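Okay, my_file_34.pdb is below, PDB, C-alpha atoms and all ligand atoms:
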```pdb
ATOM      1  CA  MET A   1      17.292 -17.807  -7.838  1.00  0.00           C
ATOM      2  CA  ARG A   2      16.633 -14.999 -10.287  1.00  0.00           C
ATOM      3  CA  PRO A   3      13.130 -13.577 -10.157  1.00  0.00           C
ATOM      4  CA  THR A   4      11.065 -14.242 -13.248  1.00  0.00           C
ATOM      5  CA  THR A   5       8.637 -11.836 -14.832  1.00  0.00           C
ATOM      6  CA  SER A   6       5.700 -13.806 -13.441  1.00  0.00           C
ATOM      7  CA  ASP A   7       6.750 -13.031  -9.844  1.00  0.00           C
ATOM      8  CA  CYS A   8       4.117 -10.882  -8.157  1.00  0.00           C
ATOM      9  CA  PRO A   9       5.350  -7.297  -7.676  1.00  0.00           C
ATOM     10  CA  CYS A  10       4.199  -7.392  -4.039  1.00  0.00           C
ATOM     11  CA  GLY A  11       7.224  -9.536  -3.208  1.00  0.00           C
ATOM     12  CA  SER A  12       5.314 -12.609  -2.050  1.00  0.00           C
ATOM     13  CA  LYS A  13       7.548 -14.809  -4.268  1.00  0.00           C
ATOM     14  CA  ARG A  14       4.331 -16.238  -5.657  1.00  0.00           C
ATOM     15  CA  ASP A  15       3.189 -16.094  -9.238  1.00  0.00           C
ATOM     16  CA  TYR A  16       1.220 -12.958 -10.070  1.00  0.00           C
ATOM     17  CA  VAL A  17      -1.736 -15.063 -11.231  1.00  0.00           C
ATOM     18  CA  ASP A  18      -1.820 -16.882  -7.859  1.00  0.00           C
ATOM     19  CA  CYS A  19      -1.305 -13.723  -5.809  1.00  0.00           C
ATOM     20  CA  CYS A  20      -2.534 -10.183  -6.549  1.00  0.00           C
ATOM     21  CA  GLY A  21      -3.670 -10.944 -10.122  1.00  0.00           C
ATOM     22  CA  PRO A  22      -7.181 -12.210  -9.286  1.00  0.00           C
ATOM     23  CA  TYR A  23      -7.817  -9.159  -7.049  1.00  0.00           C
ATOM     24  CA  HIS A  24      -6.712  -6.783  -9.810  1.00  0.00           C
ATOM     25  CA  ALA A  25      -8.886  -8.621 -12.313  1.00  0.00           C
ATOM     26  CA  GLY A  26     -11.902  -8.322 -10.003  1.00  0.00           C
ATOM     27  CA  GLU A  27     -12.285 -12.112  -9.801  1.00  0.00           C
ATOM     28  CA  ARG A  28     -11.911 -12.075  -6.033  1.00  0.00           C
ATOM     29  CA  GLU A  29     -11.732  -9.608  -3.159  1.00  0.00           C
ATOM     30  CA  ALA A  30      -8.597  -9.471  -1.030  1.00  0.00           C
ATOM     31  CA  PRO A  31      -9.485 -11.541   2.082  1.00  0.00           C
ATOM     32  CA  ASP A  32      -7.855  -9.237   4.635  1.00  0.00           C
ATOM     33  CA  ALA A  33      -6.203  -5.848   5.071  1.00  0.00           C
ATOM     34  CA  ILE A  34      -2.660  -7.161   4.500  1.00  0.00           C
ATOM     35  CA  ALA A  35      -3.625  -8.844   1.222  1.00  0.00           C
ATOM     36  CA  LEU A  36      -5.374  -5.665   0.123  1.00  0.00           C
ATOM     37  CA  MET A  37      -2.359  -3.520   0.991  1.00  0.00           C
ATOM     38  CA  ARG A  38      -0.036  -5.862  -0.917  1.00  0.00           C
ATOM     39  CA  SER A  39      -2.351  -5.803  -3.927  1.00  0.00           C
ATOM     40  CA  ARG A  40      -2.463  -1.997  -3.853  1.00  0.00           C
ATOM     41  CA  TYR A  41       1.329  -1.876  -3.823  1.00  0.00           C
ATOM     42  CA  SER A  42       1.519  -4.181  -6.833  1.00  0.00           C
ATOM     43  CA  ALA A  43      -1.147  -2.059  -8.542  1.00  0.00           C
ATOM     44  CA  PHE A  44       1.170   0.943  -8.106  1.00  0.00           C
ATOM     45  CA  VAL A  45       4.005  -1.069  -9.668  1.00  0.00           C
ATOM     46  CA  ARG A  46       1.753  -2.078 -12.578  1.00  0.00           C
ATOM     47  CA  GLY A  47       0.170   1.349 -13.005  1.00  0.00           C
ATOM     48  CA  ASP A  48      -3.364   0.069 -12.384  1.00  0.00           C
ATOM     49  CA  ASP A  49      -5.314   3.208 -11.473  1.00  0.00           C
ATOM     50  CA  GLU A  50      -8.670   1.418 -11.871  1.00  0.00           C
ATOM     51  CA  TYR A  51      -7.856  -0.985  -9.046  1.00  0.00           C
ATOM     52  CA  LEU A  52      -6.395   1.718  -6.826  1.00  0.00           C
ATOM     53  CA  LEU A  53      -9.537   3.791  -7.244  1.00  0.00           C
ATOM     54  CA  ARG A  54     -11.819   0.810  -6.673  1.00  0.00           C
ATOM     55  CA  THR A  55     -10.043  -0.093  -3.410  1.00  0.00           C
ATOM     56  CA  LEU A  56     -10.022   3.469  -2.092  1.00  0.00           C
ATOM     57  CA  HIS A  57     -12.582   3.667   0.721  1.00  0.00           C
ATOM     58  CA  PRO A  58     -15.575   5.955  -0.003  1.00  0.00           C
ATOM     59  CA  ASP A  59     -14.564   7.981   3.071  1.00  0.00           C
ATOM     60  CA  HIS A  60     -10.904   8.404   2.094  1.00  0.00           C
ATOM     61  CA  ALA A  61      -9.945  12.112   2.011  1.00  0.00           C
ATOM     62  CA  ASP A  62      -8.746  11.866  -1.628  1.00  0.00           C
ATOM     63  CA  ARG A  63     -12.303  11.062  -2.721  1.00  0.00           C
ATOM     64  CA  GLU A  64     -13.360  14.661  -2.077  1.00  0.00           C
ATOM     65  CA  ALA A  65     -11.384  15.768  -5.144  1.00  0.00           C
ATOM     66  CA  GLY A  66     -13.488  13.444  -7.335  1.00  0.00           C
ATOM     67  CA  ASP A  67     -12.552  10.341  -9.328  1.00  0.00           C
ATOM     68  CA  PRO A  68     -10.985  12.112 -12.349  1.00  0.00           C
ATOM     69  CA  ALA A  69      -8.642  14.053 -10.030  1.00  0.00           C
ATOM     70  CA  VAL A  70      -7.701  10.870  -8.147  1.00  0.00           C
ATOM     71  CA  ARG A  71      -6.966   9.155 -11.456  1.00  0.00           C
ATOM     72  CA  ARG A  72      -4.826  12.072 -12.650  1.00  0.00           C
ATOM     73  CA  SER A  73      -2.796  12.108  -9.475  1.00  0.00           C
ATOM     74  CA  LEU A  74      -2.292   8.323  -9.631  1.00  0.00           C
ATOM     75  CA  LYS A  75      -1.053   8.583 -13.216  1.00  0.00           C
ATOM     76  CA  GLU A  76       1.341  11.324 -12.161  1.00  0.00           C
ATOM     77  CA  THR A  77       2.606   9.009  -9.398  1.00  0.00           C
ATOM     78  CA  PHE A  78       3.131   6.158 -11.889  1.00  0.00           C
ATOM     79  CA  ARG A  79       5.113   8.499 -14.126  1.00  0.00           C
ATOM     80  CA  ARG A  80       7.375   9.841 -11.380  1.00  0.00           C
ATOM     81  CA  TYR A  81       8.114   6.902  -9.127  1.00  0.00           C
ATOM     82  CA  ARG A  82       9.857   3.561  -9.514  1.00  0.00           C
ATOM     83  CA  TYR A  83       9.097   0.847  -6.986  1.00  0.00           C
ATOM     84  CA  GLY A  84      11.864  -1.285  -5.521  1.00  0.00           C
ATOM     85  CA  GLY A  85      10.124  -3.570  -3.046  1.00  0.00           C
ATOM     86  CA  LEU A  86       7.617  -3.925  -0.260  1.00  0.00           C
ATOM     87  CA  ARG A  87       7.897  -5.286   3.230  1.00  0.00           C
ATOM     88  CA  VAL A  88       5.046  -5.688   5.708  1.00  0.00           C
ATOM     89  CA  LEU A  89       6.443  -4.816   9.138  1.00  0.00           C
ATOM     90  CA  ASP A  90       3.537  -5.111  11.554  1.00  0.00           C
ATOM     91  CA  HIS A  91      -0.259  -5.157  11.674  1.00  0.00           C
ATOM     92  CA  ARG A  92      -3.265  -4.957  13.982  1.00  0.00           C
ATOM     93  CA  LEU A  93      -6.411  -6.953  13.405  1.00  0.00           C
ATOM     94  CA  PRO A  94      -9.640  -4.942  13.193  1.00  0.00           C
ATOM     95  CA  GLY A  95     -10.850  -3.694  16.571  1.00  0.00           C
ATOM     96  CA  SER A  96     -14.386  -2.801  17.631  1.00  0.00           C
ATOM     97  CA  ASP A  97     -14.198   0.215  15.280  1.00  0.00           C
ATOM     98  CA  GLY A  98     -13.687  -2.191  12.351  1.00  0.00           C
ATOM     99  CA  LEU A  99     -10.329  -0.663  11.435  1.00  0.00           C
ATOM    100  CA  ALA A 100      -7.380  -2.871  10.557  1.00  0.00           C
ATOM    101  CA  GLU A 101      -3.877  -1.380  10.590  1.00  0.00           C
ATOM    102  CA  VAL A 102      -0.879  -2.384   8.512  1.00  0.00           C
ATOM    103  CA  LEU A 103       2.630  -0.974   8.836  1.00  0.00           C
ATOM    104  CA  PHE A 104       4.811  -1.378   5.766  1.00  0.00           C
ATOM    105  CA  HIS A 105       8.012  -0.183   4.156  1.00  0.00           C
ATOM    106  CA  ALA A 106       7.996   0.651   0.461  1.00  0.00           C
ATOM    107  CA  ARG A 107      11.185   1.279  -1.487  1.00  0.00           C
ATOM    108  CA  VAL A 108      10.575   4.044  -3.988  1.00  0.00           C
ATOM    109  CA  ARG A 109      12.803   6.158  -6.203  1.00  0.00           C
ATOM    110  CA  GLU A 110      12.103   9.349  -8.069  1.00  0.00           C
ATOM    111  CA  GLY A 111      14.963   9.665 -10.530  1.00  0.00           C
ATOM    112  CA  SER A 112      18.077   9.586  -8.357  1.00  0.00           C
ATOM    113  CA  ARG A 113      16.192  10.504  -5.185  1.00  0.00           C
ATOM    114  CA  ASP A 114      15.242   7.988  -2.529  1.00  0.00           C
ATOM    115  CA  ARG A 115      11.533   8.435  -1.789  1.00  0.00           C
ATOM    116  CA  SER A 116      11.182   5.273   0.295  1.00  0.00           C
ATOM    117  CA  PHE A 117       8.762   5.503   3.167  1.00  0.00           C
ATOM    118  CA  VAL A 118       7.140   3.687   6.065  1.00  0.00           C
ATOM    119  CA  GLU A 119       3.374   3.960   6.316  1.00  0.00           C
ATOM    120  CA  ARG A 120       0.721   2.955   8.785  1.00  0.00           C
ATOM    121  CA  SER A 121      -2.398   2.380   6.734  1.00  0.00           C
ATOM    122  CA  TYR A 122      -5.950   2.058   8.009  1.00  0.00           C
ATOM    123  CA  PHE A 123      -8.312  -0.299   6.226  1.00  0.00           C
ATOM    124  CA  ALA A 124     -12.045  -0.824   6.617  1.00  0.00           C
ATOM    125  CA  LEU A 125     -14.709  -2.946   4.964  1.00  0.00           C
ATOM    126  CA  ASP A 126     -17.116  -1.039   2.743  1.00  0.00           C
ATOM    127  CA  GLY A 127     -19.569  -3.841   1.993  1.00  0.00           C
ATOM    128  CA  GLY A 128     -17.659  -4.983  -1.101  1.00  0.00           C
ATOM    129  CA  GLY A 129     -14.398  -5.771   0.621  1.00  0.00           C
ATOM    130  CA  TRP A 130     -11.389  -4.263   2.378  1.00  0.00           C
ATOM    131  CA  ARG A 131     -10.666  -0.691   1.346  1.00  0.00           C
ATOM    132  CA  TYR A 132      -7.872   1.789   2.022  1.00  0.00           C
ATOM    133  CA  LEU A 133      -9.195   4.460   4.372  1.00  0.00           C
ATOM    134  CA  ALA A 134      -6.215   6.564   5.481  1.00  0.00           C
ATOM    135  CA  GLY A 135      -2.505   6.469   6.150  1.00  0.00           C
ATOM    136  CA  ASP A 136       0.368   8.235   7.908  1.00  0.00           C
ATOM    137  CA  MET A 137       3.819   8.032   6.405  1.00  0.00           C
ATOM    138  CA  LEU A 138       7.367   8.937   7.263  1.00  0.00           C
ATOM    139  CA  PRO A 139      10.303   9.008   4.861  1.00  0.00           C
ATOM    140  CA  SER A 140      12.504   6.039   5.695  1.00  0.00           C
ATOM    141  CA  ALA A 141      15.779   7.363   4.230  1.00  0.00           C
ATOM    142  CA  GLY A 142      17.191   8.466   7.603  1.00  0.00           C
ATOM    143  CA  LEU A 143      15.393   5.908   9.771  1.00  0.00           C
ATOM    144  CA  LYS A 144      17.459   3.304  11.563  1.00  0.00           C
ATOM    145  CA  GLY A 145      16.248  -0.266  11.937  1.00  0.00           C
ATOM    146  CA  VAL A 146      13.353   0.205   9.521  1.00  0.00           C
ATOM    147  CA  GLU A 147      12.982  -3.515   8.858  1.00  0.00           C
ATOM    148  CA  SER A 148      12.265  -4.249  12.542  1.00  0.00           C
ATOM    149  CA  LEU A 149       9.923  -1.316  13.156  1.00  0.00           C
ATOM    150  CA  THR A 150       6.695  -2.065  15.082  1.00  0.00           C
ATOM    151  CA  LEU A 151       3.445  -0.096  15.020  1.00  0.00           C
ATOM    152  CA  GLU A 152       4.147   1.106  18.554  1.00  0.00           C
ATOM    153  CA  ALA A 153       7.624   2.352  17.664  1.00  0.00           C
ATOM    154  CA  PHE A 154       6.307   3.959  14.473  1.00  0.00           C
ATOM    155  CA  GLU A 155       3.611   5.828  16.412  1.00  0.00           C
ATOM    156  CA  LYS A 156       6.301   7.326  18.683  1.00  0.00           C
ATOM    157  CA  LEU A 157       8.309   8.426  15.642  1.00  0.00           C
ATOM    158  CA  LEU A 158       5.207   9.927  14.101  1.00  0.00           C
ATOM    159  CA  GLU A 159       4.427  11.882  17.271  1.00  0.00           C
ATOM    160  CA  ALA A 160       8.014  13.155  17.491  1.00  0.00           C
ATOM    161  CA  SER A 161       7.841  14.349  13.873  1.00  0.00           C
ATOM    162  CA  ARG A 162       4.781  16.539  14.484  1.00  0.00           C
TER     163      ARG A 162
HETATM  164 ZN    ZN B   1       1.025 -10.186  -4.815  1.00  0.00          ZN
END
```

Kindly transcribe the structure held in the file into structure tokens.
Ligand SMILES: [Zn+2]
Amino acid sequence: MRPTTSDCPCGSKRDYVDCCGPYHAGEREAPDAIALMRSRYSAFVRGDDEYLLRTLHPDHADREAGDPAVRRSLKETFRRYRYGGLRVLDHRLPGSDGLAEVLFHARVREGSRDRSFVERSYFALDGGGWRYLAGDMLPSAGLKGVESLTLEAFEKLLEASR
């Protein structure tokens, strides 16, 4: 079946208005870290810097630069990159430290260049809802078996790359 324009950009195969739409509109908070991550991906696709800023944890390193700088860099990202799909690969429920982890693969292009990557993101509650705290990414262009990658396997790759 051909996708229609109402399909949510996060790839859930659900309608945008029944998926990430209500989170973007501020009608509801994403109920868990995976839903938040998916909604942030679709916010990148839609160029929604307001939502991306709102769901950035107060302790995220990017916050140090200040909101206007974060907004500028997001807009630059929207201009340069085209998004081709998201897949959630693995996740860990929040531990005693309150951190949830999500491993995902995002297909991204910058002109003719493949900028796709795998990222392990950390999410934490800030009182309002789940927020993006930090992430480690690896380019996925040369990675074999990306679609079956686990958090454990990703952590080994990350260590080997340092
Ligand atoms: Zn969605």

Written as a compact mmCIF listing (two decimals) with C-alpha atoms, keeping the file's coordinate frame, which residues does the PyMOL selection byres (((not hetatm)) within 6 of (chain B and resi 1)) give for the file shown?
```txt
# COMPACT_ATOMS: atom_id res chain seq x y z
CA CYS A 8 4.12 -10.88 -8.16
CA PRO A 9 5.35 -7.30 -7.68
CA CYS A 10 4.20 -7.39 -4.04
CA SER A 12 5.31 -12.61 -2.05
CA TYR A 16 1.22 -12.96 -10.07
CA CYS A 19 -1.30 -13.72 -5.81
CA CYS A 20 -2.53 -10.18 -6.55
CA ARG A 38 -0.04 -5.86 -0.92
CA SER A 39 -2.35 -5.80 -3.93
```

(request) Given the file shown, enumerate the residues that the PyMOL selection byres (((chain A and resi 141) around 12) and not hetatm) captures and present them as a VMD selection string. (result) chain A and resid 105 to 109 113 to 118 138 to 140 142 to 146

Next, the residues of the selection above should be written as a PDB file, in the frame of the given file with C-alpha atoms.
```pdb
ATOM      1  CA  HIS A 105       8.012  -0.183   4.156  1.00  0.00           C
ATOM      2  CA  ALA A 106       7.996   0.651   0.461  1.00  0.00           C
ATOM      3  CA  ARG A 107      11.185   1.279  -1.487  1.00  0.00           C
ATOM      4  CA  VAL A 108      10.575   4.044  -3.988  1.00  0.00           C
ATOM      5  CA  ARG A 109      12.803   6.158  -6.203  1.00  0.00           C
ATOM      6  CA  ARG A 113      16.192  10.504  -5.185  1.00  0.00           C
ATOM      7  CA  ASP A 114      15.242   7.988  -2.529  1.00  0.00           C
ATOM      8  CA  ARG A 115      11.533   8.435  -1.789  1.00  0.00           C
ATOM      9  CA  SER A 116      11.182   5.273   0.295  1.00  0.00           C
ATOM     10  CA  PHE A 117       8.762   5.503   3.167  1.00  0.00           C
ATOM     11  CA  VAL A 118       7.140   3.687   6.065  1.00  0.00           C
ATOM     12  CA  LEU A 138       7.367   8.937   7.263  1.00  0.00           C
ATOM     13  CA  PRO A 139      10.303   9.008   4.861  1.00  0.00           C
ATOM     14  CA  SER A 140      12.504   6.039   5.695  1.00  0.00           C
ATOM     15  CA  GLY A 142      17.191   8.466   7.603  1.00  0.00           C
ATOM     16  CA  LEU A 143      15.393   5.908   9.771  1.00  0.00           C
ATOM     17  CA  LYS A 144      17.459   3.304  11.563  1.00  0.00           C
ATOM     18  CA  GLY A 145      16.248  -0.266  11.937  1.00  0.00           C
ATOM     19  CA  VAL A 146      13.353   0.205   9.521  1.00  0.00           C
TER      20      VAL A 146
END
```

Pick out the residues sitting within 12 Å of Arg63 in chain A, and hand them over as a PDB file with C-alpha atoms, keeping the file's coordinate frame; count only C-alpha atoms, and ignore anything fewer than 5 positions along from it in its own chain.
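Produced file part-v3.pdb, reproduced below:
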```pdb
ATOM      1  CA  LEU A  52      -6.395   1.718  -6.826  1.00  0.00           C
ATOM      2  CA  LEU A  53      -9.537   3.791  -7.244  1.00  0.00           C
ATOM      3  CA  ARG A  54     -11.819   0.810  -6.673  1.00  0.00           C
ATOM      4  CA  THR A  55     -10.043  -0.093  -3.410  1.00  0.00           C
ATOM      5  CA  LEU A  56     -10.022   3.469  -2.092  1.00  0.00           C
ATOM      6  CA  HIS A  57     -12.582   3.667   0.721  1.00  0.00           C
ATOM      7  CA  PRO A  58     -15.575   5.955  -0.003  1.00  0.00           C
ATOM      8  CA  PRO A  68     -10.985  12.112 -12.349  1.00  0.00           C
ATOM      9  CA  ALA A  69      -8.642  14.053 -10.030  1.00  0.00           C
ATOM     10  CA  VAL A  70      -7.701  10.870  -8.147  1.00  0.00           C
ATOM     11  CA  ARG A  71      -6.966   9.155 -11.456  1.00  0.00           C
ATOM     12  CA  SER A  73      -2.796  12.108  -9.475  1.00  0.00           C
ATOM     13  CA  TYR A 132      -7.872   1.789   2.022  1.00  0.00           C
ATOM     14  CA  LEU A 133      -9.195   4.460   4.372  1.00  0.00           C
ATOM     15  CA  ALA A 134      -6.215   6.564   5.481  1.00  0.00           C
TER      16      ALA A 134
END
```

(message) One number please: CA of His24 in chain A to CA of Gly129 in chain A, in Å, one decimal.
(response) 13.0 Å

(request) Go through A:Glu110, A:Asp48, A:Glu155, A:Glu147 and flag the residue nearest Tyr83 in chain A, using all atoms listed in the file for the distances. (result) A:Glu110

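Atom pair CA of Thr150 in chain A / CA of Leu89 in chain A has a distance of 6.6 Å (rounded to one decimal).
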
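Nearest to Val88 in chain A of all the residues A:Asp67, A:Glu119, A:Asp59, A:Asp15 is A:Glu119, based on all atoms listed in the file.
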
Taking the block above, write range 44-61 of chain A with C-alpha atoms as a compact mmCIF listing (two decimals), in the first residue's frame.
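What follows is the written file decode-v4.txt:
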```txt
# COMPACT_ATOMS: atom_id res chain seq x y z
CA PHE A 44 13.02 16.66 12.82
CA VAL A 45 11.19 15.53 9.68
CA ARG A 46 8.60 18.30 10.13
CA GLY A 47 11.11 20.97 11.11
CA ASP A 48 9.49 21.60 14.50
CA ASP A 49 12.23 23.32 16.51
CA GLU A 50 9.77 24.37 19.24
CA TYR A 51 9.01 20.76 20.12
CA LEU A 52 12.64 19.68 19.91
CA LEU A 53 13.63 22.46 22.29
CA ARG A 54 10.75 21.72 24.65
CA THR A 55 11.70 18.03 24.87
CA LEU A 56 15.41 18.70 25.39
CA HIS A 57 16.22 17.92 29.03
CA PRO A 58 17.30 20.96 31.11
CA ASP A 59 20.59 19.14 31.76
CA HIS A 60 21.33 18.32 28.11
CA ALA A 61 24.77 19.66 27.09
```
